[in-house]
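Undergrad: Contents of entry05.cif (mmCIF, C-alpha atoms and all ligand atoms) are given next:
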data_structure
#
loop_
_atom_site.group_PDB
_atom_site.id
_atom_site.type_symbol
_atom_site.label_atom_id
_atom_site.label_comp_id
_atom_site.auth_asym_id
_atom_site.auth_seq_id
_atom_site.Cartn_x
_atom_site.Cartn_y
_atom_site.Cartn_z
ATOM 1 C CA MET J 87 -6.856 13.808 -0.407
ATOM 2 C CA GLN J 88 -4.082 11.649 1.026
ATOM 3 C CA ILE J 89 -2.490 9.054 -1.227
ATOM 4 C CA TYR J 90 -0.527 6.405 0.661
ATOM 5 C CA GLY J 91 1.675 4.004 -1.265
ATOM 6 C CA ILE J 92 2.742 0.842 0.540
ATOM 7 C CA ALA J 93 6.040 -0.089 -1.067
ATOM 8 C CA LEU J 94 9.291 -2.011 -0.710
ATOM 9 C CA GLU J 95 11.209 -3.966 -3.292
ATOM 10 C CA LYS J 96 11.464 -6.937 -0.942
ATOM 11 C CA GLY J 97 8.481 -9.333 -1.060
ATOM 12 C CA GLY J 98 6.728 -10.797 1.968
ATOM 13 C CA VAL J 99 7.278 -7.820 4.288
ATOM 14 C CA GLY J 100 3.552 -7.133 4.723
ATOM 15 C CA LYS J 101 2.713 -4.582 2.013
ATOM 16 C CA THR J 102 -0.584 -6.195 1.039
ATOM 17 C CA SER J 103 -1.581 -6.985 4.630
ATOM 18 C CA ILE J 104 -1.019 -3.357 5.563
ATOM 19 C CA ALA J 105 -2.643 -1.912 2.426
ATOM 20 C CA VAL J 106 -5.873 -3.916 2.869
ATOM 21 C CA ASN J 107 -6.235 -3.370 6.618
ATOM 22 C CA LEU J 108 -5.145 0.269 6.537
ATOM 23 C CA ALA J 109 -7.788 0.923 3.857
ATOM 24 C CA ALA J 110 -10.348 -0.829 6.080
ATOM 25 C CA ALA J 111 -9.260 1.207 9.122
ATOM 26 C CA PHE J 112 -9.618 4.507 7.236
ATOM 27 C CA SER J 113 -13.106 3.507 6.114
ATOM 28 C CA LYS J 114 -13.987 2.607 9.737
ATOM 29 C CA VAL J 115 -13.427 6.248 10.678
ATOM 30 C CA ASN J 116 -15.880 7.206 7.919
ATOM 31 C CA LEU J 117 -13.427 8.345 5.298
ATOM 32 C CA ARG J 118 -14.053 7.584 1.627
ATOM 33 C CA VAL J 119 -11.336 5.138 0.616
ATOM 34 C CA LEU J 120 -10.060 3.678 -2.663
ATOM 35 C CA LEU J 121 -7.558 0.804 -2.725
ATOM 36 C CA ILE J 122 -5.578 0.400 -5.945
ATOM 37 C CA ASP J 123 -4.013 -3.033 -6.436
ATOM 38 C CA LEU J 124 -0.851 -2.481 -8.481
ATOM 39 C CA ASP J 125 0.539 -6.011 -8.126
ATOM 40 C CA ALA J 126 -0.152 -8.538 -10.918
ATOM 41 C CA GLN J 127 -0.264 -11.219 -8.219
ATOM 42 C CA ALA J 128 -3.600 -9.637 -7.221
ATOM 43 C CA HIS J 129 -3.327 -10.644 -3.561
ATOM 44 C CA ALA J 130 -5.199 -7.565 -2.324
ATOM 45 C CA THR J 131 -7.898 -8.159 -4.954
ATOM 46 C CA SER J 132 -8.381 -11.789 -3.853
ATOM 47 C CA TRP J 133 -8.244 -10.771 -0.184
ATOM 48 C CA LEU J 134 -11.178 -8.444 -0.824
ATOM 49 C CA GLY J 135 -13.202 -11.323 -2.220
ATOM 50 C CA VAL J 136 -12.792 -10.464 -5.912
ATOM 51 C CA SER J 137 -11.529 -13.423 -7.886
ATOM 52 C CA PRO J 138 -8.927 -12.075 -10.370
ATOM 53 C CA GLU J 139 -10.409 -14.374 -13.082
ATOM 54 C CA THR J 140 -13.613 -12.337 -12.935
ATOM 55 C CA VAL J 141 -11.721 -9.085 -13.600
ATOM 56 C CA ARG J 142 -11.218 -8.029 -17.210
ATOM 57 C CA PRO J 143 -7.715 -6.688 -17.907
ATOM 58 C CA GLU J 144 -9.122 -3.276 -18.863
ATOM 59 C CA GLU J 145 -10.834 -3.028 -15.453
ATOM 60 C CA SER J 146 -7.396 -2.932 -13.804
ATOM 61 C CA MET J 147 -4.521 -0.463 -13.993
ATOM 62 C CA LEU J 148 -4.097 -1.685 -17.584
ATOM 63 C CA GLY J 149 -7.335 0.149 -18.411
ATOM 64 C CA ILE J 150 -5.946 3.341 -16.880
ATOM 65 C CA VAL J 151 -2.894 3.052 -19.156
ATOM 66 C CA GLN J 152 -5.294 2.751 -22.118
ATOM 67 C CA GLY J 153 -6.966 5.995 -21.045
ATOM 68 C CA ARG J 154 -10.097 4.578 -19.417
ATOM 69 C CA PRO J 155 -11.444 6.780 -16.611
ATOM 70 C CA LEU J 156 -10.636 5.472 -13.133
ATOM 71 C CA ARG J 157 -14.311 5.621 -12.095
ATOM 72 C CA SER J 158 -15.295 3.149 -14.840
ATOM 73 C CA CYS J 159 -12.794 0.563 -13.529
ATOM 74 C CA VAL J 160 -13.406 0.933 -9.791
ATOM 75 C CA ARG J 161 -15.863 -1.333 -7.970
ATOM 76 C CA PRO J 162 -17.163 -1.401 -4.394
ATOM 77 C CA SER J 163 -15.608 -4.098 -2.199
ATOM 78 C CA SER J 164 -17.304 -6.058 0.572
ATOM 79 C CA ALA J 165 -14.972 -4.344 3.062
ATOM 80 C CA GLY J 166 -16.703 -0.959 2.748
ATOM 81 C CA PHE J 167 -14.326 0.803 0.383
ATOM 82 C CA ASP J 168 -13.721 0.945 -3.362
ATOM 83 C CA LEU J 169 -11.210 -1.214 -5.220
ATOM 84 C CA LEU J 170 -9.341 -0.901 -8.485
ATOM 85 C CA PRO J 171 -8.603 -4.607 -8.910
ATOM 86 C CA ALA J 172 -5.480 -6.212 -10.342
ATOM 87 C CA HIS J 173 -5.342 -8.710 -13.206
ATOM 88 C CA PRO J 174 -2.565 -11.248 -13.939
ATOM 89 C CA ALA J 175 -2.029 -9.560 -17.354
ATOM 90 C CA MET J 176 -0.557 -6.695 -15.335
ATOM 91 C CA ALA J 177 2.692 -8.644 -15.597
ATOM 92 C CA SER J 178 3.187 -6.432 -18.664
ATOM 93 C CA LEU J 179 2.297 -3.252 -16.758
ATOM 94 C CA PRO J 180 5.884 -1.956 -16.383
ATOM 95 C CA VAL J 181 6.353 -2.049 -20.179
ATOM 96 C CA GLN J 182 2.928 -0.487 -20.799
ATOM 97 C CA VAL J 183 3.513 2.303 -18.282
ATOM 98 C CA ALA J 184 6.997 3.073 -19.608
ATOM 99 C CA GLY J 185 5.565 3.239 -23.146
ATOM 100 C CA ALA J 186 2.872 5.777 -22.197
ATOM 101 C CA LEU J 187 3.173 9.529 -22.668
ATOM 102 C CA ASN J 188 5.976 11.079 -20.538
ATOM 103 C CA SER J 189 7.094 7.538 -19.588
ATOM 104 C CA GLY J 190 3.772 7.122 -17.797
ATOM 105 C CA LEU J 191 5.061 9.203 -14.899
ATOM 106 C CA PHE J 192 1.773 11.030 -14.290
ATOM 107 C CA LEU J 193 -0.684 8.272 -15.244
ATOM 108 C CA LEU J 194 -1.891 7.609 -11.706
ATOM 109 C CA GLN J 195 -1.738 11.212 -10.559
ATOM 110 C CA ASP J 196 -3.909 12.261 -13.520
ATOM 111 C CA ALA J 197 -6.324 9.333 -13.166
ATOM 112 C CA ILE J 198 -6.897 10.049 -9.460
ATOM 113 C CA ALA J 199 -7.297 13.798 -10.111
ATOM 114 C CA GLN J 200 -9.840 13.149 -12.885
ATOM 115 C CA ALA J 201 -11.812 10.782 -10.631
ATOM 116 C CA SER J 202 -12.308 13.673 -8.182
ATOM 117 C CA THR J 203 -14.510 15.678 -10.556
ATOM 118 C CA PRO J 204 -17.464 15.882 -10.668
ATOM 119 C CA ALA J 205 -17.889 13.020 -8.153
ATOM 120 C CA PRO J 206 -16.910 13.668 -4.524
ATOM 121 C CA PRO J 207 -13.231 12.926 -4.158
ATOM 122 C CA TYR J 208 -11.881 10.079 -2.091
ATOM 123 C CA ASP J 209 -10.417 11.151 1.243
ATOM 124 C CA VAL J 210 -7.758 8.463 1.113
ATOM 125 C CA VAL J 211 -6.255 6.363 -1.676
ATOM 126 C CA VAL J 212 -4.073 3.382 -0.724
ATOM 127 C CA LEU J 213 -1.744 1.878 -3.334
ATOM 128 C CA ASP J 214 -0.570 -1.736 -2.902
ATOM 129 C CA LEU J 215 2.703 -2.012 -4.819
ATOM 130 C CA ALA J 216 4.437 -5.054 -6.278
ATOM 131 C CA PRO J 217 7.882 -5.900 -4.858
ATOM 132 C CA ALA J 218 9.700 -4.115 -7.667
ATOM 133 C CA ARG J 219 11.357 -0.899 -8.695
ATOM 134 C CA GLY J 220 10.760 0.603 -12.117
ATOM 135 C CA PRO J 221 8.028 2.462 -13.999
ATOM 136 C CA VAL J 222 5.057 1.338 -11.873
ATOM 137 C CA LEU J 223 6.764 2.456 -8.652
ATOM 138 C CA ALA J 224 7.715 5.704 -10.386
ATOM 139 C CA THR J 225 4.148 6.503 -11.460
ATOM 140 C CA ALA J 226 2.910 5.556 -7.976
ATOM 141 C CA LEU J 227 5.491 7.813 -6.295
ATOM 142 C CA SER J 228 4.429 10.674 -8.582
ATOM 143 C CA ALA J 229 0.891 10.347 -7.212
ATOM 144 C CA MET J 230 1.611 9.663 -3.508
ATOM 145 C CA THR J 231 1.466 12.101 -0.633
ATOM 146 C CA ARG J 232 3.352 9.648 1.603
ATOM 147 C CA CYS J 233 5.194 6.409 0.987
ATOM 148 C CA ILE J 234 4.979 3.766 3.727
ATOM 149 C CA ALA J 235 7.571 0.972 3.847
ATOM 150 C CA PRO J 236 6.906 -2.092 6.013
ATOM 151 C CA VAL J 237 10.166 -3.390 7.486
ATOM 152 C CA GLN J 238 11.722 -6.045 9.644
ATOM 153 C CA PRO J 239 15.251 -5.731 11.050
ATOM 154 C CA GLU J 240 17.034 -7.739 8.335
ATOM 155 C CA ASP J 241 19.890 -6.935 6.002
ATOM 156 C CA LEU J 242 17.967 -7.389 2.729
ATOM 157 C CA VAL J 243 15.047 -5.367 4.010
ATOM 158 C CA LEU J 244 17.337 -2.490 4.994
ATOM 159 C CA GLN J 245 19.005 -2.614 1.578
ATOM 160 C CA SER J 246 15.592 -2.312 -0.071
ATOM 161 C CA LEU J 247 14.747 0.526 2.307
ATOM 162 C CA ARG J 248 17.855 2.463 1.253
ATOM 163 C CA ALA J 249 16.928 2.019 -2.415
ATOM 164 C CA LEU J 250 13.353 3.148 -1.744
ATOM 165 C CA THR J 251 14.621 6.204 0.157
ATOM 166 C CA GLU J 252 16.542 7.227 -2.971
ATOM 167 C CA SER J 253 13.504 6.645 -5.189
ATOM 168 C CA VAL J 254 11.356 8.789 -2.864
ATOM 169 C CA ARG J 255 13.926 11.621 -2.927
ATOM 170 C CA ALA J 256 14.025 11.505 -6.731
ATOM 171 C CA ALA J 257 10.219 11.495 -6.934
ATOM 172 C CA GLN J 258 9.969 14.538 -4.649
ATOM 173 C CA ARG J 259 11.526 16.567 -7.450
ATOM 174 C CA VAL J 260 8.509 15.942 -9.691
ATOM 175 C CA ASN J 261 5.912 15.548 -6.925
ATOM 176 C CA PRO J 262 6.025 18.336 -4.329
ATOM 177 C CA ARG J 263 3.033 16.801 -2.470
ATOM 178 C CA LEU J 264 5.109 13.735 -1.564
ATOM 179 C CA ARG J 265 6.022 14.432 2.068
ATOM 180 C CA GLY J 266 8.467 11.560 2.327
ATOM 181 C CA LEU J 267 8.971 8.008 3.463
ATOM 182 C CA SER J 268 7.539 6.539 6.659
ATOM 183 C CA VAL J 269 8.902 3.306 8.041
ATOM 184 C CA LEU J 270 6.345 0.928 9.548
ATOM 185 C CA ARG J 271 7.776 -1.877 11.658
ATOM 186 C CA ASN J 272 5.794 -5.045 10.885
ATOM 187 C CA ARG J 273 6.204 -8.572 12.300
ATOM 188 C CA TYR J 274 8.632 -6.779 14.489
ATOM 189 C CA ALA J 275 10.515 -8.850 17.061
ATOM 190 C CA PRO J 276 14.256 -8.162 17.098
ATOM 191 C CA ARG J 277 15.495 -11.161 19.083
ATOM 192 C CA SER J 278 18.873 -12.360 17.845
ATOM 193 C CA ALA J 279 22.094 -10.377 18.137
ATOM 194 C CA GLY J 280 21.955 -9.837 14.363
ATOM 195 C CA ASP J 281 18.412 -8.478 14.584
ATOM 196 C CA GLN J 282 19.523 -6.073 17.324
ATOM 197 C CA ILE J 283 22.239 -4.634 15.090
ATOM 198 C CA TYR J 284 19.790 -4.005 12.228
ATOM 199 C CA ASP J 285 17.261 -2.646 14.707
ATOM 200 C CA ALA J 286 19.849 -0.137 15.968
ATOM 201 C CA THR J 287 20.665 0.890 12.382
ATOM 202 C CA LEU J 288 16.992 1.424 11.689
ATOM 203 C CA ARG J 289 16.525 3.589 14.770
ATOM 204 C CA GLU J 290 19.588 5.711 13.989
ATOM 205 C CA THR J 291 19.198 6.110 10.240
ATOM 206 C CA TYR J 292 15.417 6.470 10.056
ATOM 207 C CA VAL J 293 14.794 8.176 13.396
ATOM 208 C CA GLY J 294 12.637 10.939 11.910
ATOM 209 C CA SER J 295 10.753 8.538 9.627
ATOM 210 C CA LEU J 296 9.794 5.736 12.023
ATOM 211 C CA LEU J 297 6.075 5.461 12.645
ATOM 212 C CA GLN J 298 5.288 4.885 16.305
ATOM 213 C CA THR J 299 2.758 2.137 15.649
ATOM 214 C CA ILE J 300 4.510 -1.246 15.562
ATOM 215 C CA LEU J 301 2.728 -4.327 14.224
ATOM 216 C CA PRO J 302 3.803 -7.576 15.940
ATOM 217 C CA VAL J 303 3.303 -11.071 14.528
ATOM 218 C CA ARG J 304 -0.374 -11.845 14.988
ATOM 219 C CA ALA J 305 -2.435 -14.796 13.778
ATOM 220 C CA ALA J 306 -5.314 -12.503 12.768
ATOM 221 C CA LEU J 307 -3.140 -10.826 10.141
ATOM 222 C CA ARG J 308 -2.124 -14.175 8.698
ATOM 223 C CA ASP J 309 -5.520 -15.864 8.864
ATOM 224 C CA ALA J 310 -7.906 -13.045 7.906
ATOM 225 C CA ALA J 311 -6.525 -13.144 4.337
ATOM 226 C CA GLY J 312 -7.488 -16.819 3.970
ATOM 227 C CA MET J 313 -11.003 -15.962 5.163
ATOM 228 C CA ARG J 314 -11.148 -13.125 2.576
ATOM 229 C CA GLN J 315 -11.823 -10.668 5.385
ATOM 230 C CA THR J 316 -10.109 -7.610 6.766
ATOM 231 C CA VAL J 317 -9.217 -7.750 10.460
ATOM 232 C CA PHE J 318 -12.294 -5.562 11.069
ATOM 233 C CA ALA J 319 -14.599 -8.387 9.920
ATOM 234 C CA TYR J 320 -12.468 -11.312 11.084
ATOM 235 C CA GLY J 321 -13.397 -12.921 14.389
ATOM 236 C CA GLY J 322 -10.056 -14.410 15.503
ATOM 237 C CA SER J 323 -9.052 -14.020 19.139
ATOM 238 C CA ASP J 324 -6.288 -11.469 18.543
ATOM 239 C CA ALA J 325 -8.253 -9.531 15.895
ATOM 240 C CA PRO J 326 -9.395 -6.800 18.379
ATOM 241 C CA GLU J 327 -5.764 -6.019 19.230
ATOM 242 C CA VAL J 328 -4.825 -5.814 15.532
ATOM 243 C CA ARG J 329 -7.857 -3.602 14.798
ATOM 244 C CA ALA J 330 -6.769 -1.240 17.581
ATOM 245 C CA LEU J 331 -3.247 -1.097 16.115
ATOM 246 C CA PHE J 332 -4.557 -0.187 12.648
ATOM 247 C CA LEU J 333 -6.826 2.482 14.150
ATOM 248 C CA ASN J 334 -3.734 3.822 16.003
ATOM 249 C CA LEU J 335 -1.906 3.921 12.696
ATOM 250 C CA VAL J 336 -4.788 5.867 11.150
ATOM 251 C CA ASP J 337 -4.646 8.386 14.048
ATOM 252 C CA GLU J 338 -0.909 8.705 13.598
ATOM 253 C CA LEU J 339 -1.241 9.354 9.861
ATOM 254 C CA ILE J 340 -4.110 11.823 10.343
ATOM 255 C CA THR J 341 -1.969 13.708 12.880
ATOM 256 C CA LEU J 342 0.893 13.813 10.387
ATOM 257 C CA ASP J 343 -1.122 14.634 7.266
ATOM 258 C CA GLY J 344 -4.680 15.654 8.164
ATOM 259 C CA GLY J 345 -7.667 13.464 7.326
ATOM 260 C CA SER J 346 -8.435 14.585 3.815
HETATM 261 N N1 LIG C 401 2.093 -8.771 11.398
HETATM 262 C C1 LIG C 401 1.926 -9.977 10.817
HETATM 263 N N2 LIG C 401 1.657 -11.074 11.575
HETATM 264 C C2 LIG C 401 1.496 -12.286 11.001
HETATM 265 N N3 LIG C 401 1.589 -12.535 9.700
HETATM 266 C C3 LIG C 401 1.862 -11.489 8.886
HETATM 267 C C4 LIG C 401 2.044 -10.154 9.383
HETATM 268 N N4 LIG C 401 2.290 -9.330 8.339
HETATM 269 C C5 LIG C 401 2.260 -10.100 7.234
HETATM 270 N N5 LIG C 401 2.013 -11.396 7.544
HETATM 271 C C6 LIG C 401 1.973 -12.548 6.627
HETATM 272 O O1 LIG C 401 3.191 -12.548 5.884
HETATM 273 C C7 LIG C 401 2.948 -12.938 4.556
HETATM 274 C C8 LIG C 401 3.443 -11.866 3.590
HETATM 275 O O2 LIG C 401 2.661 -10.694 3.784
HETATM 276 P P1 LIG C 401 2.163 -9.807 2.562
HETATM 277 O O3 LIG C 401 1.281 -8.750 3.138
HETATM 278 O O4 LIG C 401 1.587 -10.655 1.473
HETATM 279 O O5 LIG C 401 3.551 -9.182 2.081
HETATM 280 P P2 LIG C 401 3.948 -8.440 0.708
HETATM 281 O O6 LIG C 401 2.696 -7.837 0.147
HETATM 282 O O7 LIG C 401 4.961 -7.425 1.128
HETATM 283 O O8 LIG C 401 4.542 -9.480 -0.199
HETATM 284 C C9 LIG C 401 1.468 -13.201 4.425
HETATM 285 O O9 LIG C 401 1.243 -14.585 4.566
HETATM 286 C C10 LIG C 401 0.870 -12.453 5.601
HETATM 287 O O10 LIG C 401 -0.321 -13.038 6.052
HETATM 288 MG MG MG C 402 1.833 -7.978 -1.765
#
Kindly transcribe the structure held in the file into structure tokens.
TA:
Amino acid sequence: MQIYGIALEKGGVGKTSIAVNLAAAFSKVNLRVLLIDLDAQAHATSWLGVSPETVRPEESMLGIVQGRPLRSCVRPSSAGFDLLPAHPAMASLPVQVAGALNSGLFLLQDAIAQASTPAPPYDVVVLDLAPARGPVLATALSAMTRCIAPVQPEDLVLQSLRALTESVRAAQRVNPRLRGLSVLRNRYAPRSAGDQIYDATLRETYVGSLLQTILPVRAALRDAAGMRQTVFAYGGSDAPEVRALFLNLVDELITLDGGS
């Protein structure tokens, strides 16, 4: 089972857009996929057509903290994969996780492992993280097999990337299955002289971690969310190009990690 966490402390870089559409792309190649929404803003949950008001707090990650089995909280989504939804009460999740046994470090790892027996395991789990460091990121990193950071060539983004790199290194000490950090260039168009400098830094510093798939600015990625559809269901004119890019990304990740 591969567990991909989409993370970066900076907001608005494309974590949720990538989490939702990457989960959809993995399910398009017939893998069993679970998306876990770890952000109290519940954007991924809404995107998948589940209104956060219809979710009870204990059906979200808050239920996992209380010891509920993952399978009892997960629901099928209209996009063809399973969803552990988020709830606005997850604003208190960092405190709840930190207060759990062993600082909550293995909450997600244990919950995902328990969900694999006796039911068939998921092939892929995708975690959509909130733009924050702290206990929730730590428990997510303890469960991940690879962390994916969406980036643009900007100073604040690169600062967040450095911090995440440190967090990933620290997590590798408790999670030997965590292969490392992959950098996914999203909304990528280094145009200005400033952009070019940050782009050069990114290429030099993260040369071994850069994913080859690059996601440009595309209307389908912006508009599919409003239609509560993944790019695989959305009919916008540039949707086929975006679908192909996400399927490329899936191929790239399967080559790196294997499919299940
Ligand atoms: N490649 C892209 N092309 C166009 N719009 C994008 C792209 N990636 C993200 N967006 C838009 O940028 C905004 C922030 O993306 P989002 O996925 O919510 O980021 P995060 O989860 O990191 O906060 C959203 O409105 C989203 O639709
Ligand atoms: Mg988000």
Undergrad: For the structure provided, state which residues fall under the PyMOL selection byres (((not hetatm)) within 6 of (chain C and resi 401)), and present them as a list in words.
TA: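 Answer for the PyMOL selection byres (((not hetatm)) within 6 of (chain C and resi 401)): Gly97, Gly98, Val99, Gly100, Lys101, Thr102, Ser103, Asn272, Arg273, Leu301, Pro302, Val303, Arg304, Ala305, Leu307 and Arg308 of chain J.
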Undergrad: Would you mind listing what lies within 6 Å of segment 168-173 of chain J as number ranges by chain, with all atoms listed in the file counted and same-chain residues fewer than 6 positions away left out?
TA: J: 120-123, 126, 128, 131, 138, 143, 146, 160-162
Undergrad: Could you list, as a PyMOL selection string, every residue matched by the PyMOL selection byres (((chain J and resi 176) around 9) and not hetatm) in this structure?
TA: chain J and resi 124-127+143+146-148+172-175+177-180+182
Undergrad: What is the distance between atom CA of Gln88 of chain J and atom CA of His129 of chain J, in Å to one decimal?
TA: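 For atom CA of Gln88 of chain J relative to atom CA of His129 of chain J, the distance reads 22.8 Å.
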Undergrad: For the structure shown, which residues end up in the PyMOL selection byres (((chain J and resi 186) around 12) and not hetatm)? Put them as a PyMOL selection string, please?
TA: chain J and resi 148+150-153+179-185+187-194+221-222+225
